[in-house]
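Text of input_32.txt (compact mmCIF, C-alpha atoms) as supplied:
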# COMPACT_ATOMS: atom_id res chain seq x y z
CA MET A 553 20.64 -15.20 2.40
CA THR A 554 19.26 -15.38 -1.15
CA ARG A 555 19.88 -12.46 -3.52
CA THR A 556 18.68 -11.98 -7.07
CA PRO A 557 20.78 -10.63 -9.96
CA HIS A 558 18.61 -7.50 -10.05
CA ARG A 559 19.26 -4.90 -7.33
CA LEU A 560 17.43 -1.60 -7.04
CA PHE A 561 17.59 1.48 -4.81
CA VAL A 562 14.22 2.90 -3.71
CA GLU A 563 13.50 6.19 -1.95
CA ASN A 564 10.49 4.95 0.03
CA ALA A 565 10.49 3.26 3.40
CA ILE A 566 10.62 -0.53 3.06
CA VAL A 567 7.96 -2.41 5.02
CA ALA A 568 7.03 -6.05 4.46
CA GLY A 569 3.80 -6.31 2.47
CA THR A 570 3.58 -2.58 1.67
CA GLU A 571 3.78 -1.90 -2.06
CA ILE A 572 6.20 0.75 -3.30
CA PRO A 573 5.26 2.61 -6.50
CA ALA A 574 8.13 2.36 -8.98
CA ALA A 575 9.30 5.66 -10.46
CA ARG A 576 8.77 5.95 -14.23
CA GLU A 577 12.45 5.27 -15.02
CA GLN A 578 12.49 2.30 -12.64
CA ALA A 579 9.30 0.84 -14.09
CA ASN A 580 10.71 1.12 -17.60
CA TYR A 581 13.92 -0.57 -16.46
CA LEU A 582 12.11 -3.41 -14.70
CA LEU A 583 9.39 -4.06 -17.31
CA ASN A 584 11.03 -3.19 -20.61
CA VAL A 585 14.77 -3.62 -20.06
CA LEU A 586 14.85 -6.55 -17.64
CA ARG A 587 11.45 -7.78 -18.89
CA LEU A 588 10.35 -8.85 -15.42
CA LYS A 589 6.83 -10.22 -14.98
CA ASP A 590 4.46 -10.36 -11.99
CA LYS A 591 6.08 -12.04 -8.97
CA ASN A 592 9.55 -11.98 -10.54
CA GLN A 593 11.99 -11.15 -7.78
CA MET A 594 14.65 -8.52 -7.18
CA THR A 595 16.64 -7.13 -4.27
CA ILE A 596 15.87 -3.62 -2.99
CA PHE A 597 17.41 -1.24 -0.46
CA ASN A 598 17.04 2.41 0.52
CA GLY A 599 20.07 3.11 2.70
CA ARG A 600 17.93 3.01 5.86
CA ASP A 601 15.92 -0.19 6.17
CA GLY A 602 18.35 -2.92 5.18
CA GLU A 603 18.22 -5.16 2.13
CA TRP A 604 15.03 -6.94 1.04
CA ARG A 605 13.82 -9.53 -1.41
CA ALA A 606 10.91 -8.03 -3.34
CA GLU A 607 8.51 -8.91 -6.15
CA VAL A 608 7.33 -6.97 -9.18
CA LYS A 609 3.62 -6.28 -9.53
CA SER A 610 2.61 -4.85 -12.90
CA THR A 611 -0.06 -2.11 -12.82
CA GLY A 612 0.03 -1.29 -16.53
CA ARG A 613 2.18 -1.56 -19.63
CA LYS A 614 4.54 1.13 -18.34
CA SER A 615 3.95 1.06 -14.59
CA CYS A 616 4.44 -1.30 -11.69
CA THR A 617 4.83 -1.53 -7.94
CA ILE A 618 7.48 -3.27 -5.87
CA LEU A 619 6.35 -5.54 -3.03
CA PRO A 620 8.87 -6.11 -0.20
CA VAL A 621 8.66 -9.76 0.86
CA LYS A 622 11.51 -10.59 3.23
CA MET A 623 14.46 -8.79 4.81
CA LEU A 624 17.75 -10.34 3.74
CA GLN A 625 20.11 -8.12 5.73
CA SER A 626 19.60 -5.49 8.41
CA GLN A 627 20.96 -1.99 7.90
CA PRO A 628 24.60 -1.64 9.00
CA ALA A 629 25.94 1.49 10.67
CA ALA A 630 27.22 4.14 8.28
CA PRO A 631 31.00 3.97 7.76
CA GLU A 632 32.91 6.48 9.88
CA LEU A 633 35.04 7.55 6.95
CA GLU A 634 34.51 10.96 5.36
CA TYR A 635 35.97 12.07 2.06
CA LEU A 636 36.72 15.77 1.64
CA PHE A 637 37.67 16.81 -1.87
CA ALA A 638 38.04 19.83 -4.10
CA PRO A 639 35.41 19.59 -6.87
CA LEU A 640 36.58 18.26 -10.23
CA LYS A 641 35.32 18.54 -13.78
CA GLN A 642 32.19 16.48 -14.35
CA ALA A 643 33.56 13.28 -15.90
CA ARG A 644 36.30 12.93 -13.30
CA LEU A 645 33.88 13.83 -10.52
CA ASP A 646 31.44 11.12 -11.65
CA TYR A 647 34.24 8.55 -11.60
CA MET A 648 35.58 9.72 -8.24
CA VAL A 649 32.17 9.58 -6.54
CA GLN A 650 31.51 6.05 -7.78
CA LYS A 651 34.92 4.79 -6.64
CA ALA A 652 34.69 6.52 -3.26
CA VAL A 653 31.38 4.77 -2.63
CA GLU A 654 32.88 1.43 -3.66
CA MET A 655 35.74 2.06 -1.22
CA GLY A 656 33.35 2.45 1.73
CA VAL A 657 33.07 6.20 2.22
CA GLY A 658 30.22 7.26 4.50
CA SER A 659 30.15 10.96 3.62
CA LEU A 660 31.17 13.13 0.65
CA ARG A 661 32.15 16.71 1.51
CA PRO A 662 33.16 19.06 -1.32
CA VAL A 663 35.54 21.80 -0.14
CA ILE A 664 36.53 24.97 -1.95
CA THR A 665 40.26 25.67 -1.77
CA GLU A 666 42.31 28.57 -3.10
CA TYR A 667 43.20 26.71 -6.30
CA THR A 668 39.82 25.04 -6.86
CA GLN A 669 38.72 25.67 -10.44
CA VAL A 670 35.25 24.07 -10.31
CA ARG A 671 33.09 25.85 -7.76
CA SER A 672 29.57 24.63 -8.53
CA LEU A 673 28.34 21.06 -8.26
CA ASN A 674 25.32 19.08 -9.40
CA LEU A 675 24.52 17.37 -6.10
CA LYS A 676 21.66 15.36 -7.66
CA ARG A 677 24.07 13.91 -10.18
CA MET A 678 26.51 13.06 -7.38
CA HIS A 679 23.69 11.27 -5.56
CA ALA A 680 22.75 9.37 -8.72
CA ASN A 681 26.35 8.22 -9.17
CA ALA A 682 26.51 7.15 -5.52
CA VAL A 683 23.29 5.15 -5.91
CA GLU A 684 24.51 3.48 -9.10
CA ALA A 685 27.73 2.39 -7.39
CA ALA A 686 25.83 1.07 -4.37
CA GLU A 687 23.39 -0.87 -6.59
CA GLN A 688 26.17 -2.53 -8.53
CA CYS A 689 28.48 -3.33 -5.59
CA GLU A 690 25.98 -4.65 -2.99
CA ILE A 691 26.48 -1.64 -0.73
CA LEU A 692 23.67 -0.75 1.67
CA ASN A 693 24.75 2.73 2.79
CA ILE A 694 24.35 5.74 0.51
CA PRO A 695 26.91 8.38 1.54
CA GLU A 696 25.62 11.70 2.81
CA ILE A 697 26.43 14.39 0.24
CA HIS A 698 27.16 17.85 1.64
CA GLU A 699 26.89 21.25 0.04
CA PRO A 700 30.26 22.71 -1.04
CA GLU A 701 31.95 24.70 1.71
CA LYS A 702 35.15 26.74 1.93
CA LEU A 703 38.04 24.78 3.39
CA ASP A 704 38.70 27.49 5.99
CA ASN A 705 35.13 27.19 7.27
CA VAL A 706 35.33 23.41 7.39
CA LEU A 707 38.51 23.53 9.46
CA GLU A 708 37.13 26.17 11.82
CA GLY A 709 34.08 24.03 12.60
CA TRP A 710 35.92 20.71 12.72
CA ASP A 711 34.89 18.11 15.31
CA SER A 712 38.18 17.16 16.96
CA ASP A 713 36.88 13.63 17.59
CA TRP A 714 37.56 13.04 13.89
CA GLN A 715 41.11 12.57 12.62
CA LEU A 716 41.72 14.38 9.33
CA ILE A 717 44.22 12.65 7.02
CA PHE A 718 45.69 15.28 4.72
CA CYS A 719 47.31 14.14 1.48
CA ASP A 720 50.28 16.48 1.04
CA GLU A 721 52.13 15.98 -2.23
CA SER A 722 55.06 18.07 -0.95
CA LEU A 723 56.03 15.71 1.90
CA GLU A 724 59.57 14.37 1.72
CA ILE A 725 58.43 11.14 3.41
CA SER A 726 56.17 9.70 0.72
CA ASN A 727 55.30 6.28 2.24
CA PRO A 728 52.08 6.65 4.28
CA ILE A 729 52.05 3.17 5.84
CA LYS A 730 54.04 3.92 9.01
CA THR A 731 52.19 7.18 9.66
CA LEU A 732 48.78 5.57 9.32
CA GLY A 733 49.84 2.55 11.36
CA ASP A 734 50.24 4.82 14.39
CA LEU A 735 46.64 6.04 14.21
CA LYS A 736 43.60 4.54 15.89
CA PRO A 737 41.01 3.08 13.46
CA GLU A 738 38.25 5.41 14.65
CA LYS A 739 36.50 8.39 13.10
CA LEU A 740 38.55 9.23 10.03
CA ALA A 741 38.36 11.77 7.24
CA LEU A 742 40.48 12.10 4.12
CA LEU A 743 41.29 15.44 2.47
CA ILE A 744 42.55 15.69 -1.11
CA GLY A 745 43.04 18.98 -2.90
CA PRO A 746 42.42 20.16 -6.46
CA GLU A 747 44.50 19.42 -9.55
CA GLY A 748 46.76 22.37 -8.68
CA GLY A 749 47.34 21.19 -5.12
CA PHE A 750 47.03 23.22 -1.93
CA SER A 751 48.38 26.74 -1.54
CA CYS A 752 51.36 27.37 0.76
CA GLY A 753 49.04 29.06 3.27
CA GLU A 754 46.58 26.16 3.30
CA ARG A 755 49.36 23.63 3.67
CA GLU A 756 50.93 25.58 6.53
CA ARG A 757 47.63 25.86 8.36
CA LEU A 758 46.81 22.19 7.97
CA HIS A 759 50.17 21.10 9.36
CA LYS A 760 49.60 23.16 12.51
CA LEU A 761 46.19 21.69 13.39
CA PRO A 762 46.27 18.99 16.13
CA PHE A 763 43.64 16.79 14.47
CA VAL A 764 45.45 16.68 11.11
CA VAL A 765 47.84 13.92 10.05
CA ALA A 766 49.74 14.51 6.81
CA ILE A 767 50.66 11.67 4.46
CA GLY A 768 52.31 11.42 1.07
CA LEU A 769 51.29 9.07 -1.72
CA GLY A 770 54.57 8.03 -3.23
CA PRO A 771 57.08 9.58 -5.62
CA ARG A 772 54.65 9.99 -8.52
CA VAL A 773 52.37 12.97 -9.14
CA LEU A 774 48.79 11.69 -9.11
CA ARG A 775 45.70 13.33 -10.54
CA ALA A 776 43.11 14.17 -7.92
CA ASP A 777 40.73 11.33 -8.79
CA THR A 778 43.59 8.82 -8.85
CA ALA A 779 44.90 10.14 -5.53
CA ALA A 780 41.45 9.56 -4.00
CA ILE A 781 41.43 5.87 -4.92
CA ALA A 782 45.05 5.38 -3.86
CA ALA A 783 44.57 7.08 -0.49
CA LEU A 784 41.28 5.35 0.29
CA GLY A 785 42.82 1.99 -0.60
CA VAL A 786 45.74 2.57 1.77
CA ILE A 787 43.48 3.82 4.59
CA GLN A 788 41.07 0.91 4.28
CA ALA A 789 43.91 -1.61 4.11
CA ILE A 790 45.59 -0.27 7.26
CA LEU A 791 42.76 1.20 9.35
CA GLY A 792 39.50 0.17 7.68
CA ASP A 793 37.37 -2.85 6.98
CA TRP A 794 39.64 -4.89 4.69
Please go through the file and, once you have read it, give me the structure as structure tokens.
Amino acid sequence: MTRTPHRLFVENAIVAGTEIPAAREQANYLLNVLRLKDKNQMTIFNGRDGEWRAEVKSTGRKSCTILPVKMLQSQPAAPELEYLFAPLKQARLDYMVQKAVEMGVGSLRPVITEYTQVRSLNLKRMHANAVEAAEQCEILNIPEIHEPEKLDNVLEGWDSDWQLIFCDESLEISNPIKTLGDLKPEKLALLIGPEGGFSCGERERLHKLPFVVAIGLGPRVLRADTAAIAALGVIQAILGDW
């Protein structure tokens, strides 16, 4: 399988021989930043149709099309790993989304908890950060990004086929390895709260639910974005695709 150094996400369906009009920003990037010429090659993907080798076709000084030539890799199934998180301030949220995508998350679900301070999200910006991470890290799946929803509503409508791993900073047993080792590596979701943690009522409810497994993340207090990376690393190492 031959890849090129240049990798680009496209919104359109990818069909061999069918030209894809490059968006203005993409055309500028390809023609003026990378300085690609006609028939120069790149790799493209759209999160649905696999990964393709493609060629640039200039249609003007500031415009071009992208011609899919050959499929390099078929589209894999979306990872069965969801990440539920209380929204963070923008810079930390950008970082968290990018790292979650790199760690193989298949779905991003913002949840509003009692102590959540940020209650509105720019979902387009989240998508852009997810795409950027996928472009840079040779990932083919773009995580589904959900609208924010109250934690209580999420738990009430929970599909019990999915195991929810709840990061509880108050647990006396802080090593998650044994707890996770007893789980089956099937449909998994991770829940991390806001900077202020979960309320006593939320924590009590979560511990009572049969589909919830609580873990700690060590003796140190972690910021929410750091906790996400730590927890996803442990889950992937024990139950995931590492």
(Q) Let me make sure I understand: among A:Lys614, A:His759, A:His698, A:Arg671, which one has the smallest atom-to-atom distance to Asn580 of chain A if we use only C-alpha atoms? (A)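 Of A:Lys614, A:His759, A:His698, A:Arg671, the one nearest Asn580 of chain A is A:Lys614, counting only C-alpha atoms.
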Q: Measuring atom to atom with all atoms listed in the file, identify which of A:Glu690, A:Glu571, A:Glu696, A:Glu634 is nearest to Gly602 of chain A.
A: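 Result for the nearest residue to Gly602 of chain A: A:Glu690.
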Q.
Please compute the atom CA of Pro557 of chain A-atom CA of Ser626 of chain A distance, one decimal, in Å.
A. 19.1 Å
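Proximity of A:Ala565, A:Leu743, A:Val786, A:Leu636 to Glu699 of chain A, computed with only C-alpha atoms, is greatest for A:Leu636.
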Q.
Between A:Leu675, A:Val621, A:Leu784, A:Val683, which residue has the minimum interatomic distance to Met594 of chain A, considering all atoms listed in the file?
A.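 Between A:Leu675, A:Val621, A:Leu784, A:Val683, the residue approaching Met594 of chain A most closely is A:Val621.
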Q: Would you please work out which residue, of A:Asn598, A:Gln578, A:Gln788, A:Ser751, is nearest to Ile664 of chain A when using only C-alpha atoms?
A: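 Looking at the shortest contact to Ile664 of chain A, the residue is A:Ser751.
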Closest contacts (segment 684-727 of chain A/segment 754-758 of chain A, max 9 Å, only C-alpha atoms) as JSON lines:
{"residue": "A:Leu703", "atom": "CA", "partner": "A:Glu754", "partner_atom": "CA", "distance": 8.7}
{"residue": "A:Asp704", "atom": "CA", "partner": "A:Glu754", "partner_atom": "CA", "distance": 8.4}
{"residue": "A:Leu707", "atom": "CA", "partner": "A:Leu758", "partner_atom": "CA", "distance": 8.5}
{"residue": "A:Phe718", "atom": "CA", "partner": "A:Leu758", "partner_atom": "CA", "distance": 7.7}
{"residue": "A:Asp720", "atom": "CA", "partner": "A:Arg755", "partner_atom": "CA", "distance": 7.7}
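Between Glu666 of chain A and the residues A:Phe750, A:Tyr581, A:Phe763, A:Phe561, the shortest atom-to-atom distance, using only C-alpha atoms, involves A:Phe750.
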Q) What is the atom CA of Glu577 of chain A-atom CA of Gln625 of chain A distance in Å, reported with one decimal? A)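 Atom-to-atom, atom CA of Glu577 of chain A to atom CA of Gln625 of chain A, that is 25.9 Å.
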**Q.** Nearby residues, (56.0, 7.3, -0.5) file frame, 8 Å, all atoms listed in the file, as a PyMOL selection string
**A.** chain A and resi 725-728+768-771
Q: Write out as an MDAnalysis selection string which residues come within 12 Å of Asp713 of chain A when counting all atoms listed in the file, dropping same-chain ones fewer than 3 positions away.
A: chainID A and resid 632 709:710 716 736 738:741 762:764
(Q) I'd like the interatomic distance between atom CA of Asp590 of chain A and atom CA of Gly612 of chain A, to a tenth of an Å. (A)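 Atom CA of Gly612 of chain A lies at a distance of 11.1 Å from atom CA of Asp590 of chain A.
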Q: Would you mind listing what lies within 12 Å of Ala680 of chain A as a VMD selection string, with all atoms listed in the file counted and same-chain residues fewer than 3 positions away left out?
A: chain A and resid 561 to 563 646 to 647 649 to 650 653 674 to 677 683 to 687 694 to 695 697
Q.
I want to know what sits within 12 Å of segment 643-645 of chain A, based on all atoms listed in the file, with residues of the same chain fewer than 6 positions away left out; could you give that as a list in words?
A.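 These residues fall inside the cut-off: Phe637, Lys651, Ala652, Leu660, Pro662, Val670, Ser672, Leu673, Asn674, Leu675, Arg677, Met678, His679, Asn681, Ala682, Pro746, Glu747, Arg775, Ala776, Asp777, Thr778, Ala779 and Ala780 of chain A.
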